[in-house]
Structure formats: C-alpha cells, structure tokens
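What's in upload.cif: mmCIF, C-alpha atoms
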data_query
#
loop_
_atom_site.label_atom_id
_atom_site.label_comp_id
_atom_site.auth_asym_id
_atom_site.auth_seq_id
_atom_site.Cartn_x
_atom_site.Cartn_y
_atom_site.Cartn_z
CA MET A 211 16.11 -26.99 -17.11
CA LYS A 212 18.99 -27.18 -19.52
CA LYS A 213 22.47 -26.31 -18.41
CA GLN A 214 23.62 -23.03 -19.87
CA ILE A 215 27.35 -23.74 -19.64
CA ASN A 216 29.07 -27.08 -19.76
CA SER A 217 32.64 -28.13 -19.50
CA THR A 218 33.38 -28.49 -23.23
CA GLY A 219 33.97 -24.78 -23.62
CA SER A 220 32.50 -24.13 -27.06
CA GLN A 221 30.06 -21.33 -27.77
CA GLU A 222 27.28 -23.87 -28.33
CA SER A 223 27.82 -24.99 -24.77
CA LEU A 224 26.01 -21.89 -23.51
CA GLY A 225 22.75 -23.51 -24.54
CA ASN A 226 20.27 -22.52 -27.20
CA SER A 227 17.86 -20.80 -24.90
CA ALA A 228 20.44 -18.48 -23.37
CA LEU A 229 21.84 -17.49 -26.74
CA ALA A 230 18.46 -17.25 -28.44
CA LYS A 231 17.73 -14.23 -26.32
CA ALA A 232 20.75 -12.48 -27.78
CA LYS A 233 19.36 -12.55 -31.31
CA PRO A 234 18.94 -8.95 -32.42
CA ALA A 235 15.41 -8.25 -33.55
CA THR A 236 15.24 -5.87 -36.48
CA GLU A 237 12.81 -3.01 -36.22
CA THR A 238 10.93 -2.90 -39.50
CA VAL A 239 8.15 -0.44 -39.71
CA ASP A 240 6.18 -1.32 -42.80
CA SER A 241 8.31 -3.67 -44.86
CA SER A 242 6.55 -6.98 -44.21
CA PRO A 243 3.14 -7.81 -45.74
CA GLU A 244 1.78 -8.21 -42.24
CA GLU A 245 2.82 -4.69 -41.31
CA LYS A 246 1.26 -3.38 -44.52
CA GLU A 247 -1.97 -5.15 -43.64
CA VAL A 248 -1.92 -3.62 -40.17
CA LEU A 249 -1.31 -0.21 -41.69
CA GLU A 250 -4.33 -0.60 -43.96
CA ILE A 251 -6.49 -1.62 -41.02
CA ILE A 252 -5.29 1.38 -39.03
CA ILE A 253 -6.02 3.81 -41.86
CA LYS A 254 -9.53 2.37 -42.20
CA SER A 255 -10.02 2.60 -38.43
CA GLN A 256 -8.84 6.19 -38.43
CA ASN A 257 -11.49 6.90 -41.04
CA GLY A 258 -14.16 5.56 -38.70
CA ASP A 259 -14.51 1.98 -39.95
CA GLN A 260 -15.51 0.05 -36.84
CA ASP A 261 -15.14 -3.35 -38.51
CA ALA A 262 -11.51 -2.54 -39.20
CA PHE A 263 -11.03 -1.63 -35.55
CA LYS A 264 -12.66 -4.92 -34.58
CA ARG A 265 -10.04 -6.75 -36.67
CA LEU A 266 -7.34 -4.72 -34.95
CA VAL A 267 -8.66 -5.71 -31.52
CA GLU A 268 -8.91 -9.36 -32.55
CA LYS A 269 -5.34 -9.30 -33.80
CA TYR A 270 -3.74 -7.62 -30.78
CA ARG A 271 -5.97 -8.78 -27.93
CA SER A 272 -3.74 -11.63 -26.79
CA GLN A 273 -0.63 -9.40 -26.89
CA VAL A 274 -2.29 -6.73 -24.77
CA VAL A 275 -3.79 -9.20 -22.29
CA GLY A 276 -0.44 -11.01 -22.07
CA VAL A 277 1.55 -7.90 -21.19
CA ALA A 278 -1.07 -6.67 -18.74
CA PHE A 279 -1.16 -10.10 -17.09
CA LYS A 280 2.61 -10.12 -16.65
CA MET A 281 2.44 -6.66 -15.13
CA VAL A 282 -0.46 -7.16 -12.70
CA GLY A 283 -0.50 -10.94 -12.16
CA ASP A 284 -4.20 -11.58 -12.56
CA TYR A 285 -6.02 -12.70 -15.70
CA GLU A 286 -9.34 -10.96 -14.99
CA ASP A 287 -7.62 -7.68 -14.14
CA ALA A 288 -5.52 -8.04 -17.28
CA LYS A 289 -8.71 -8.42 -19.34
CA ASP A 290 -10.16 -5.27 -17.78
CA ILE A 291 -6.93 -3.40 -18.49
CA SER A 292 -6.99 -4.62 -22.08
CA GLN A 293 -10.50 -3.19 -22.51
CA LEU A 294 -9.27 0.14 -21.21
CA VAL A 295 -6.27 -0.02 -23.54
CA PHE A 296 -8.48 -0.55 -26.59
CA VAL A 297 -10.81 2.26 -25.54
CA LYS A 298 -7.80 4.58 -25.29
CA THR A 299 -6.49 3.29 -28.60
CA TYR A 300 -9.84 3.97 -30.26
CA GLN A 301 -10.05 7.47 -28.86
CA ASN A 302 -6.48 8.38 -29.77
CA LEU A 303 -6.05 6.53 -33.03
CA HIS A 304 -6.02 9.83 -34.94
CA ARG A 305 -2.83 10.71 -33.04
CA PHE A 306 -0.97 7.60 -34.19
CA GLU A 307 1.78 8.45 -36.66
CA LEU A 308 1.60 6.05 -39.57
CA GLY A 309 5.37 5.86 -40.02
CA LYS A 310 5.78 4.25 -36.61
CA LYS A 311 5.25 0.71 -35.44
CA PHE A 312 1.74 0.12 -34.14
CA SER A 313 2.69 -2.66 -31.71
CA THR A 314 5.22 -0.35 -30.01
CA TRP A 315 2.53 2.28 -29.55
CA LEU A 316 0.12 -0.33 -28.20
CA TYR A 317 2.76 -1.70 -25.83
CA ARG A 318 3.27 1.80 -24.46
CA ILE A 319 -0.46 2.29 -23.81
CA THR A 320 -0.65 -1.15 -22.18
CA ILE A 321 2.34 -0.57 -19.92
CA ASN A 322 1.01 2.85 -18.87
CA ALA A 323 -2.46 1.45 -18.19
CA SER A 324 -0.97 -1.41 -16.15
CA ILE A 325 1.19 0.98 -14.12
CA ASP A 326 -1.86 3.18 -13.49
CA PHE A 327 -3.75 0.10 -12.31
CA LEU A 328 -0.91 -0.94 -10.00
CA ARG A 329 -0.62 2.60 -8.61
CA LYS A 330 -4.35 2.68 -7.94
CA TYR A 331 -4.59 -0.69 -6.21
CA ARG A 332 -1.00 -0.97 -4.97
CA ARG A 333 -0.79 -4.65 -5.23
CA TYR A 334 0.25 -7.52 -7.43
CA LYS A 335 -2.62 -9.96 -7.16
CA HIS A 336 -1.62 -13.53 -6.57
CA GLU A 337 -3.27 -16.45 -8.24
CA SER A 338 -6.44 -17.42 -6.41
CA VAL A 339 -7.58 -20.88 -5.33
CA GLU A 340 -10.16 -20.80 -8.14
CA ASP A 341 -7.40 -20.28 -10.67
CA ASN A 342 -5.53 -23.29 -9.32
CA LEU A 343 -8.68 -25.38 -9.45
CA HIS A 344 -9.25 -24.26 -13.02
CA GLU A 345 -5.72 -25.31 -13.91
CA LEU A 346 -6.19 -28.59 -12.06
CA ARG A 347 -9.26 -29.40 -14.14
CA GLU A 348 -7.40 -28.48 -17.32
CA ASN A 349 -4.46 -30.71 -16.41
CA LYS A 350 -6.81 -33.59 -15.65
CA GLY A 351 -5.91 -34.19 -12.05
CA ASP A 352 -2.13 -33.77 -11.91
CA ALA A 353 -2.39 -32.11 -8.51
CA GLU A 354 1.27 -32.35 -7.55
CA GLU A 355 2.43 -30.62 -10.72
CA VAL A 356 -0.16 -27.87 -10.32
CA TYR A 357 0.89 -27.38 -6.70
CA ARG A 358 4.58 -27.21 -7.65
CA ARG A 359 3.92 -24.70 -10.41
CA GLY A 360 1.82 -22.67 -7.98
CA LEU A 361 4.71 -22.50 -5.54
CA ILE A 362 7.20 -21.45 -8.20
CA ARG A 363 4.80 -18.87 -9.52
CA ALA A 364 4.20 -17.43 -6.07
CA ALA A 365 7.97 -17.19 -5.59
CA ILE A 366 8.48 -15.37 -8.88
CA GLU A 367 5.56 -13.03 -8.27
CA LYS A 368 6.96 -12.21 -4.86
CA SER A 369 10.32 -11.36 -6.40
CA LEU A 370 8.60 -9.21 -9.04
CA GLU A 371 6.91 -7.26 -6.26
CA ARG A 372 10.34 -6.03 -5.21
CA LEU A 373 10.85 -4.26 -8.53
CA SER A 374 9.94 -0.67 -9.25
CA PHE A 375 7.34 -0.05 -11.97
CA LYS A 376 10.01 0.88 -14.49
CA GLN A 377 12.21 -2.10 -13.65
CA LYS A 378 9.23 -4.42 -13.92
CA SER A 379 8.11 -2.89 -17.23
CA VAL A 380 11.56 -3.27 -18.74
CA PHE A 381 11.87 -6.85 -17.46
CA VAL A 382 8.44 -7.80 -18.82
CA LEU A 383 9.10 -6.25 -22.22
CA ARG A 384 12.62 -7.55 -22.70
CA ASP A 385 12.74 -10.88 -20.90
CA LEU A 386 9.13 -12.03 -20.97
CA GLU A 387 7.89 -10.49 -24.22
CA GLY A 388 11.24 -10.81 -26.02
CA LEU A 389 11.46 -7.27 -27.40
CA ASP A 390 14.90 -5.98 -28.37
CA ILE A 391 16.51 -3.16 -26.44
CA LYS A 392 15.74 -0.58 -29.13
CA SER A 393 12.03 -1.41 -29.07
CA VAL A 394 11.96 -1.39 -25.27
CA SER A 395 13.57 2.04 -25.26
CA GLN A 396 10.93 3.25 -27.75
CA VAL A 397 8.08 1.84 -25.66
CA MET A 398 9.46 3.25 -22.42
CA THR A 399 10.64 6.49 -24.09
CA MET A 400 14.03 6.29 -22.42
CA PRO A 401 17.60 5.89 -23.75
CA GLN A 402 18.91 2.39 -24.42
CA ALA A 403 21.57 2.77 -21.74
CA THR A 404 18.85 3.51 -19.19
CA VAL A 405 16.92 0.43 -20.33
CA ARG A 406 20.07 -1.67 -19.82
CA TRP A 407 20.50 -0.22 -16.34
CA TYR A 408 16.90 -1.00 -15.34
CA LEU A 409 17.26 -4.48 -16.80
CA HIS A 410 20.48 -4.99 -14.88
CA ARG A 411 18.79 -3.99 -11.62
CA ALA A 412 15.65 -6.03 -12.30
CA ARG A 413 17.52 -9.24 -13.13
CA SER A 414 19.82 -8.81 -10.19
CA LYS A 415 16.91 -8.31 -7.79
CA ILE A 416 14.92 -11.26 -9.12
CA ARG A 417 17.86 -13.64 -8.89
CA GLN A 418 18.78 -12.32 -5.45
CA GLU A 419 15.23 -12.75 -4.19
CA LEU A 420 14.93 -16.27 -5.58
CA GLN A 421 18.35 -17.23 -4.21
CA LYS A 422 17.48 -15.89 -0.80
CA ASN A 423 14.00 -17.24 -0.34
CA TYR A 424 13.58 -20.07 -2.82
CA PRO A 425 17.04 -21.45 -3.63
CA HIS A 426 15.66 -24.93 -4.35
CA ILE A 427 13.84 -23.58 -7.43
CA LEU A 428 17.04 -22.35 -9.06
CA GLU A 429 19.12 -25.34 -7.93
CA ARG A 430 16.60 -27.79 -9.31
CA SER A 431 16.52 -26.11 -12.67
CA THR A 432 20.27 -25.56 -13.23
CA MET B 178 38.27 -10.38 -17.68
CA ASN B 179 38.24 -10.72 -13.92
CA CYS B 180 35.43 -11.96 -11.65
CA HIS B 181 34.37 -8.47 -10.60
CA LYS B 182 33.83 -7.36 -14.19
CA ALA B 183 32.21 -10.66 -15.13
CA LYS B 184 29.72 -10.47 -12.28
CA LYS B 185 28.73 -6.98 -13.35
CA SER B 186 28.41 -7.67 -17.04
CA HIS B 187 26.86 -11.14 -17.06
CA LEU B 188 23.57 -9.64 -15.90
CA THR B 189 23.25 -8.09 -19.34
CA TYR B 190 25.03 -10.87 -21.26
CA TRP B 191 22.33 -10.99 -23.95
CA GLU B 192 22.62 -7.26 -24.58
CA GLN B 193 26.43 -7.24 -24.97
CA SER B 194 28.34 -7.06 -28.24
CA PRO B 195 29.49 -10.43 -29.70
CA ALA B 196 33.12 -9.68 -28.78
CA ARG B 197 32.15 -8.92 -25.21
CA GLN B 198 30.01 -12.06 -25.07
CA ARG B 199 32.94 -14.20 -26.20
CA GLU B 200 35.15 -12.59 -23.58
CA LEU B 201 32.56 -13.31 -20.93
CA GLU B 202 32.05 -16.89 -22.08
CA ALA B 203 35.81 -17.50 -21.89
CA HIS B 204 35.80 -16.32 -18.30
CA LEU B 205 32.69 -18.32 -17.36
CA GLN B 206 34.25 -21.51 -18.66
CA ASP B 207 37.28 -21.04 -16.42
CA CYS B 208 35.51 -19.76 -13.33
CA PRO B 209 33.02 -22.12 -11.62
CA PRO B 210 31.54 -19.53 -9.17
CA CYS B 211 30.80 -17.06 -11.98
CA ARG B 212 29.42 -19.87 -14.12
CA HIS B 213 27.12 -20.94 -11.31
CA SER B 214 25.95 -17.37 -10.84
CA PHE B 215 25.22 -17.02 -14.56
CA GLN B 216 23.37 -20.34 -14.63
CA GLN B 217 21.17 -19.17 -11.79
CA LEU B 218 20.40 -15.96 -13.64
CA SER B 219 19.48 -17.85 -16.81
CA SER B 220 17.30 -20.20 -14.77
CA ALA B 221 15.50 -17.33 -13.07
CA ILE B 222 14.68 -15.75 -16.43
CA GLN B 223 13.62 -19.02 -18.04
CA ILE B 224 11.39 -19.99 -15.14
CA SER B 225 9.79 -16.55 -15.25
CA GLN B 226 9.13 -16.98 -18.96
CA GLN B 227 7.54 -20.39 -18.40
CA ILE B 228 5.48 -19.50 -15.38
CA LEU B 229 4.30 -16.00 -16.16
CA ARG B 230 2.40 -17.00 -19.25
CA PRO B 231 -1.32 -16.34 -19.16
CA GLU B 232 -3.29 -19.54 -19.44
CA GLU B 233 -5.28 -19.16 -22.63
CA ARG B 234 -8.79 -19.75 -21.43
CA PRO B 235 -11.30 -20.72 -24.05
CA GLU B 236 -13.27 -17.57 -24.58
CA ASP B 237 -15.26 -16.36 -27.45
CA PHE B 238 -14.26 -13.06 -28.99
CA ALA B 239 -17.90 -12.00 -29.36
CA PRO B 240 -18.62 -11.24 -25.66
CA TYR B 241 -15.29 -9.44 -25.35
CA TRP B 242 -16.05 -7.28 -28.36
CA HIS B 243 -19.64 -6.71 -27.22
CA ARG B 244 -18.39 -5.46 -23.85
CA LEU B 245 -15.79 -3.27 -25.54
CA CYS B 246 -18.27 -1.84 -28.05
CA ARG B 247 -20.34 -0.29 -25.29
CA ARG B 248 -17.28 1.70 -24.20
CA LEU B 249 -16.11 2.75 -27.64
CA VAL B 250 -17.39 6.28 -27.76
CA LYS B 251 -15.52 9.08 -29.40
CA PRO B 252 -14.96 11.86 -26.85
CA THR B 253 -17.17 14.90 -27.28
CA LEU B 254 -15.75 18.39 -27.66
CA SER B 255 -16.42 19.21 -23.99
CA GLN B 256 -14.71 15.98 -22.89
CA ARG B 257 -11.72 16.82 -25.05
CA PHE B 258 -11.65 20.30 -23.55
CA SER B 259 -11.79 18.98 -19.98
CA GLU B 260 -9.08 16.45 -20.85
CA SER B 261 -6.84 19.25 -22.14
CA ALA B 262 -7.57 21.30 -19.03
CA LYS B 263 -6.65 18.34 -16.84
CA ASN B 264 -3.40 17.93 -18.76
CA ILE B 265 -2.53 21.58 -18.29
CA VAL B 266 -3.27 21.38 -14.55
CA ALA B 267 -1.14 18.23 -14.32
CA LEU B 268 1.68 20.01 -16.15
CA ILE B 269 1.54 22.94 -13.73
CA ASN B 270 1.35 20.60 -10.73
CA ARG B 271 4.36 18.71 -12.00
CA ALA B 272 6.36 21.93 -12.20
CA THR B 273 5.27 23.27 -8.81
CA VAL B 274 4.52 20.29 -6.59
CA GLY B 275 6.91 17.87 -8.27
CA PRO B 276 10.26 19.45 -7.30
CA VAL B 277 9.27 20.20 -3.67
CA PRO B 278 12.45 18.53 -2.34
CA ALA B 279 14.52 20.79 -4.60
CA TYR B 280 12.71 23.85 -3.26
CA ALA B 281 13.32 22.65 0.30
CA VAL B 282 17.04 22.20 -0.35
CA ALA B 283 17.24 25.68 -1.90
CA ALA B 284 15.47 27.17 1.13
CA VAL B 285 17.89 25.45 3.52
CA VAL B 286 20.89 26.71 1.53
CA LEU B 287 19.55 30.28 1.54
CA LEU B 288 18.92 30.05 5.27
CA ALA B 289 22.46 28.78 5.86
CA VAL B 290 23.91 31.61 3.79
CA ALA B 291 21.84 34.14 5.72
CA VAL B 292 23.08 32.72 9.03
CA LEU B 293 26.74 32.50 7.99
CA PHE B 294 26.89 35.94 6.36
CA PRO B 295 24.65 38.17 8.47
CA LEU B 296 23.68 41.60 7.28
CA SER B 297 25.46 43.13 10.31
CA GLN B 298 28.72 43.01 8.33
CA THR B 299 27.47 45.54 5.84
CA GLY B 300 27.89 49.26 6.18
CA ASN B 301 24.23 49.97 6.90
CA SER B 302 24.21 47.90 10.07
CA ILE B 303 27.09 49.97 11.49
CA LEU B 304 24.66 52.84 11.70
CA SER B 305 22.06 50.72 13.45
CA THR B 306 24.51 49.32 16.06
CA HIS B 307 26.23 52.69 16.60
CA ALA B 308 23.32 55.04 16.90
CA ASP B 309 25.64 57.83 18.11
CA PHE B 310 27.37 58.13 14.73
CA ARG B 311 26.96 61.68 13.47
CA SER B 312 26.40 61.38 9.81
CA ASP B 313 25.96 65.12 9.55
CA LEU B 314 29.67 65.52 10.28
CA VAL B 315 30.82 63.67 7.18
CA PRO B 316 30.27 64.52 3.55
CA GLU B 317 27.25 62.85 2.01
CA ARG B 318 29.25 60.69 -0.30
CA PHE B 319 30.98 58.89 2.61
CA GLU B 320 29.45 56.11 4.65
CA PRO B 321 30.77 54.02 7.61
CA MET B 322 32.28 50.62 6.81
CA TRP B 323 33.95 49.60 10.05
CA ALA B 324 34.09 50.73 13.68
CA SER B 325 36.71 50.09 16.35
CA THR B 326 37.25 51.41 19.89
CA LYS B 327 40.58 52.84 21.15
CA ASP B 328 41.24 54.83 24.37
CA GLY B 329 37.50 55.36 24.88
CA MET B 330 36.99 56.68 21.39
CA THR B 331 35.12 55.04 18.55
CA ILE B 332 36.97 55.26 15.27
CA TYR B 333 34.87 54.88 12.12
CA THR B 334 36.39 53.82 8.84
CA LEU B 335 34.51 55.43 5.99
CA ALA B 336 34.12 54.45 2.41
CA GLN B 337 33.29 56.72 -0.40
CA ASN B 338 29.87 56.06 -1.84
CA THR B 339 30.48 55.97 -5.56
CA ALA B 340 27.10 54.86 -6.76
CA PRO B 341 27.50 55.98 -10.39
CA ASN B 342 30.97 54.42 -10.48
CA PRO B 343 31.03 50.63 -10.01
CA ALA B 344 34.54 50.55 -8.47
CA PRO B 345 34.52 52.39 -5.08
CA SER B 346 37.67 53.70 -3.45
CA THR B 347 37.86 52.69 0.20
CA ALA B 348 39.05 54.06 3.56
CA SER B 349 39.94 57.54 2.50
CA SER B 350 39.44 59.33 5.82
CA THR B 351 38.58 58.80 9.48
CA THR B 352 36.67 60.81 12.05
CA ALA B 353 36.65 60.51 15.82
CA ARG B 354 34.38 61.53 18.62
#
Structure re-expressed in structure tokens:
Amino acid sequence: MKKQINSTGSQESLGNSALAKAKPATETVDSSPEEKEVLEIIIKSQNGDQDAFKRLVEKYRSQVVGVAFKMVGDYEDAKDISQLVFVKTYQNLHRFELGKKFSTWLYRITINASIDFLRKYRRYKHESVEDNLHELRENKGDAEEVYRRGLIRAAIEKSLERLSFKQKSVFVLRDLEGLDIKSVSQVMTMPQATVRWYLHRARSKIRQELQKNYPHILERST
Amino acid sequence: MNCHKAKKSHLTYWEQSPARQRELEAHLQDCPPCRHSFQQLSSAIQISQQILRPEERPEDFAPYWHRLCRRLVKPTLSQRFSESAKNIVALINRATVGPVPAYAVAAVVLLAVAVLFPLSQTGNSILSTHADFRSDLVPERFEPMWASTKDGMTIYTLAQNTAPNPAPSTASSTTAR
C-alpha cells in the first residue's frame, strides 16, 4: 500500500489514490452520447420492446450485481438480488422520469432490494470454502495469497457488519462505487449533510474495528 | 487547525472544500499522530475497495436472461390494486405503529400532569369533599373556590360564575355555618 503522506510536504505527497477520491464527479443527465443511447433504450423498453430491455439488463447487470455483492457479501445472493432488481425495474419502468439519471434510479432499487434482503435474513454471508477453492483454482495454486486475502476480507466484512444499513449503503456507494456526494444523496434520498454524517460514522467505525481487531492489516499496508 | 478539529474532519477529507483540504494537509504534515490516523483511514478504505470486488466469474448472459425472462411479467390490474392496498396499509401502519415511543412519552407526560395537578384543586371538588356545603344558601352565580376552618367553623371563599364573561371576578363574599 502506498503511503498517503510523506515528509516532503507537497500536495502530491498525499498520494494519487487518496486525492483521486476527491475528484468531483459531474452529474450529467443526458449530455453524453452514452446517456442518449441509454435514454433511447429506456424509451423503447417503456413502449414494450423486450429486446431493448435485454440490452438494458446486459449493460447494467455488472453494476447491479456489484452493488448487491458489496451490500450482502455473497455472489450468489447478489445474483438473486439483481434478478429481483431487474424484475422491479421492468414492472416500474413506466414510472421512471426521463429527465433523471437512470443509473441513480437503478442504484436506489438495488440498495433497497439489498436492504430488504439483509432485513429478511439478518446476516452478512461470509465467503464459503467453495468460494476460496474457486479462487484458488483461478489463481493457479497460490494458496498463501488466497488465504491472506481471505483473512483480510473476513476482517473487513466483520467491520461492515457493525454498520447500520444506511451507513453501509452510503459507504458502499461513495467509497466502493465511487459516486459523488450529490449522487449518493439522490440515491439515498437524503440531504448531502446527512450523507456526510453517515459517511463519517461509517469510516470511523470501520477504521476503529480494523484497528481494534486486525491492526496488522492496516500497519502492513501503511 | 488543531488536532481535535483535524481528527474530526479528516474522516471526510475527500468531501471537504479545496481550502479546507489544504488546511488539513498542512496540519497532517506537522502532526505525526494525526498523519498516522489519516493513513490508517486511507488504508482501510483502499483495502475495502480491493477486497470487496466481486470476482467476475465466467458466465454466459443467456442463462441469466433466460432465468430473468420467466419472471418478467407485467403486473395485472388486480396485482396493481393489491399492491396499492398494501402501500396504503403500510402508510397507515407507519403513522400509527411507527411512533409508538412518542405516544408512550405523551401518555407518561399526561399522567405526570394529572398526578401533579389533581382535580381536587378545582372548585367542583370542594363540593365533593365538603358535602355539608349548602349551595341553596348562596346565589346561583356563586360557587365555592376555597375552604378553610377557623374556631370550628368552615369558611368558604366563593367566586362568581361568569360563564358568558371570560374574565371572572373572584372572592366577592363569604358565608359561614
């Protein structure tokens, strides 16, 4: 892990990764060609074109599965949630306002579906032995590395369990998905100041938990 | 900027204004404990980003879409109706069951008020505690407000009942038994 601050004292010394997160993302609704294409697909889907909806699913599947996975911690559950999300999207597509950003709307459905799932089953599923074996096969036998990653992942998942649903959602959207504060506030339908507060609490808890139980992970990476 | 402020604001360093970020950076460069704390925060976030990334498993889109297709059914009118009904019930439940703690607090406050200011202080209760008061001896527009005992006699202080007039005049006469 790169050092975020060094002794030279210049702004560059904070490290690219730390500062990269500060880049403000501009919220454009339909200015880019990609957004226009998405808009066309949505209009066709709203008019009952199932092929257009298929393209929409193909385009956003990885985003939906990714967010659901970060929320619930299991790939198979995330896939099930993503199916539910697309069913809801299909059934409520007529309600989508064309002036708004589709990905924000989809994020909101995904977060809500994930929270519903977590409420129902009350647990954050940890990676199974089969998952580790799968990863081991993929990494062609680097067992030590897989084991180390497994430990770190278990530590992070344990710290995420300490967060409330809202704190976790805000952390996932902002820090793991890289959305800007304005987009997060739109997805979560809460003021930006509230998003900052949840983010503050979430980051503080995660660091505290890792410091307390797994200090070697942070020390090794700083 | 002092350490207390820095420790509070570095948790949202990436969401601060550029001026505030520069101020924070200046402090972090001069303060090793704060710098260490910030480094740990950055590490925690970066590790989370690296680790919590779903492993892209080779999977064809066709089976996924096939599975999804079976569930893609537009809701019928009755389903929409039941959905709306469920929403209405949920809305009512939220208004009634949701603020139960608030209702409990209100009930406790009312109970406390009732205990602290009992009805016995009002004029009506004088009549109930002093059953021997002869209301037929006083004009109808007067009613007892207070009672005290002196030399074996009960002295009633009366107040004029001025129902049509909102401002009553008090203690205009006394009667003794």
List the residues selected by the PyMOL selection byres ((chain A and resi 318) around 12) in the file shown, writing them as a VMD selection string. chain A and resid 274 277 to 278 295 298 to 299 311 to 317 319 to 325 379 to 380 383 393 to 400
Arg230 (chain B) environment, 8 Å, all atoms listed in the file, sequence neighbours closer than 2 positions dropped, as a ChimeraX atom specification: /A:276,280 /B:226-228,232
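Applied to the file shown here, the PyMOL selection byres ((chain B and resi 217) around 8) selects the residues Arg417, Leu428, Glu429 and Thr432 of chain A; His213, Ser214, Phe215, Gln216, Leu218, Ser219, Ser220 and Ala221 of chain B.
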Mind running chain B against chain A at 9 Å and telling me each contacting residue's nearest atom pair with the distance in Å (one decimal), counting only C-alpha atoms, chain and number ascending, as JSON lines?
{"residue": "B:Lys185", "atom": "CA", "partner": "A:His410", "partner_atom": "CA", "distance": 8.6}
{"residue": "B:Ser186", "atom": "CA", "partner": "A:His410", "partner_atom": "CA", "distance": 8.6}
{"residue": "B:Leu188", "atom": "CA", "partner": "A:His410", "partner_atom": "CA", "distance": 5.7}
{"residue": "B:Thr189", "atom": "CA", "partner": "A:His410", "partner_atom": "CA", "distance": 6.1}
{"residue": "B:Tyr190", "atom": "CA", "partner": "A:Ala232", "partner_atom": "CA", "distance": 8.0}
{"residue": "B:Trp191", "atom": "CA", "partner": "A:Ala232", "partner_atom": "CA", "distance": 4.4}
{"residue": "B:Glu192", "atom": "CA", "partner": "A:Ala232", "partner_atom": "CA", "distance": 6.4}
{"residue": "B:Gln193", "atom": "CA", "partner": "A:Ala232", "partner_atom": "CA", "distance": 8.2}
{"residue": "B:Arg199", "atom": "CA", "partner": "A:Gln221", "partner_atom": "CA", "distance": 7.8}
{"residue": "B:Glu202", "atom": "CA", "partner": "A:Gln221", "partner_atom": "CA", "distance": 7.5}
{"residue": "B:Ala203", "atom": "CA", "partner": "A:Gly219", "partner_atom": "CA", "distance": 7.7}
{"residue": "B:Leu205", "atom": "CA", "partner": "A:Ile215", "partner_atom": "CA", "distance": 7.9}
{"residue": "B:Gln206", "atom": "CA", "partner": "A:Gly219", "partner_atom": "CA", "distance": 5.9}
{"residue": "B:Asp207", "atom": "CA", "partner": "A:Gly219", "partner_atom": "CA", "distance": 8.8}
{"residue": "B:Arg212", "atom": "CA", "partner": "A:Ile215", "partner_atom": "CA", "distance": 7.1}
{"residue": "B:His213", "atom": "CA", "partner": "A:Thr432", "partner_atom": "CA", "distance": 8.5}
{"residue": "B:Phe215", "atom": "CA", "partner": "A:Gln214", "partner_atom": "CA", "distance": 8.2}
{"residue": "B:Gln216", "atom": "CA", "partner": "A:Gln214", "partner_atom": "CA", "distance": 5.9}
{"residue": "B:Gln217", "atom": "CA", "partner": "A:Leu428", "partner_atom": "CA", "distance": 5.9}
{"residue": "B:Leu218", "atom": "CA", "partner": "A:Arg417", "partner_atom": "CA", "distance": 5.9}
{"residue": "B:Ser219", "atom": "CA", "partner": "A:Ala228", "partner_atom": "CA", "distance": 6.7}
{"residue": "B:Ser220", "atom": "CA", "partner": "A:Leu428", "partner_atom": "CA", "distance": 6.1}
{"residue": "B:Ala221", "atom": "CA", "partner": "A:Arg417", "partner_atom": "CA", "distance": 6.1}
{"residue": "B:Ile222", "atom": "CA", "partner": "A:Asp385", "partner_atom": "CA", "distance": 6.9}
{"residue": "B:Gln223", "atom": "CA", "partner": "A:Ser227", "partner_atom": "CA", "distance": 8.3}
{"residue": "B:Ile224", "atom": "CA", "partner": "A:Ile362", "partner_atom": "CA", "distance": 8.2}
{"residue": "B:Ser225", "atom": "CA", "partner": "A:Ile366", "partner_atom": "CA", "distance": 6.6}
{"residue": "B:Gln226", "atom": "CA", "partner": "A:Leu386", "partner_atom": "CA", "distance": 5.3}
{"residue": "B:Gln227", "atom": "CA", "partner": "A:Leu386", "partner_atom": "CA", "distance": 8.9}
{"residue": "B:Ile228", "atom": "CA", "partner": "A:Arg363", "partner_atom": "CA", "distance": 5.9}
{"residue": "B:Leu229", "atom": "CA", "partner": "A:Lys280", "partner_atom": "CA", "distance": 6.1}
{"residue": "B:Arg230", "atom": "CA", "partner": "A:Gly276", "partner_atom": "CA", "distance": 7.2}
{"residue": "B:Pro231", "atom": "CA", "partner": "A:Gly276", "partner_atom": "CA", "distance": 6.1}
{"residue": "B:Glu232", "atom": "CA", "partner": "A:Tyr285", "partner_atom": "CA", "distance": 8.3}
{"residue": "B:Glu233", "atom": "CA", "partner": "A:Ser272", "partner_atom": "CA", "distance": 8.7}
{"residue": "B:Phe238", "atom": "CA", "partner": "A:Glu268", "partner_atom": "CA", "distance": 7.4}
{"residue": "B:Tyr241", "atom": "CA", "partner": "A:Gln293", "partner_atom": "CA", "distance": 8.4}
{"residue": "B:Trp242", "atom": "CA", "partner": "A:Lys264", "partner_atom": "CA", "distance": 7.5}
{"residue": "B:Arg244", "atom": "CA", "partner": "A:Gln293", "partner_atom": "CA", "distance": 8.3}
{"residue": "B:Leu245", "atom": "CA", "partner": "A:Gln293", "partner_atom": "CA", "distance": 6.1}
{"residue": "B:Cys246", "atom": "CA", "partner": "A:Val297", "partner_atom": "CA", "distance": 8.9}
{"residue": "B:Arg248", "atom": "CA", "partner": "A:Val297", "partner_atom": "CA", "distance": 6.6}
{"residue": "B:Leu249", "atom": "CA", "partner": "A:Val297", "partner_atom": "CA", "distance": 5.7}
{"residue": "B:Val250", "atom": "CA", "partner": "A:Gln301", "partner_atom": "CA", "distance": 7.5}
{"residue": "B:Lys251", "atom": "CA", "partner": "A:Gln301", "partner_atom": "CA", "distance": 5.7}
{"residue": "B:Pro252", "atom": "CA", "partner": "A:Gln301", "partner_atom": "CA", "distance": 6.9}
re CA of Leu389 (chain A) and CA of Lys254 (chain A): distance 27.4 Å
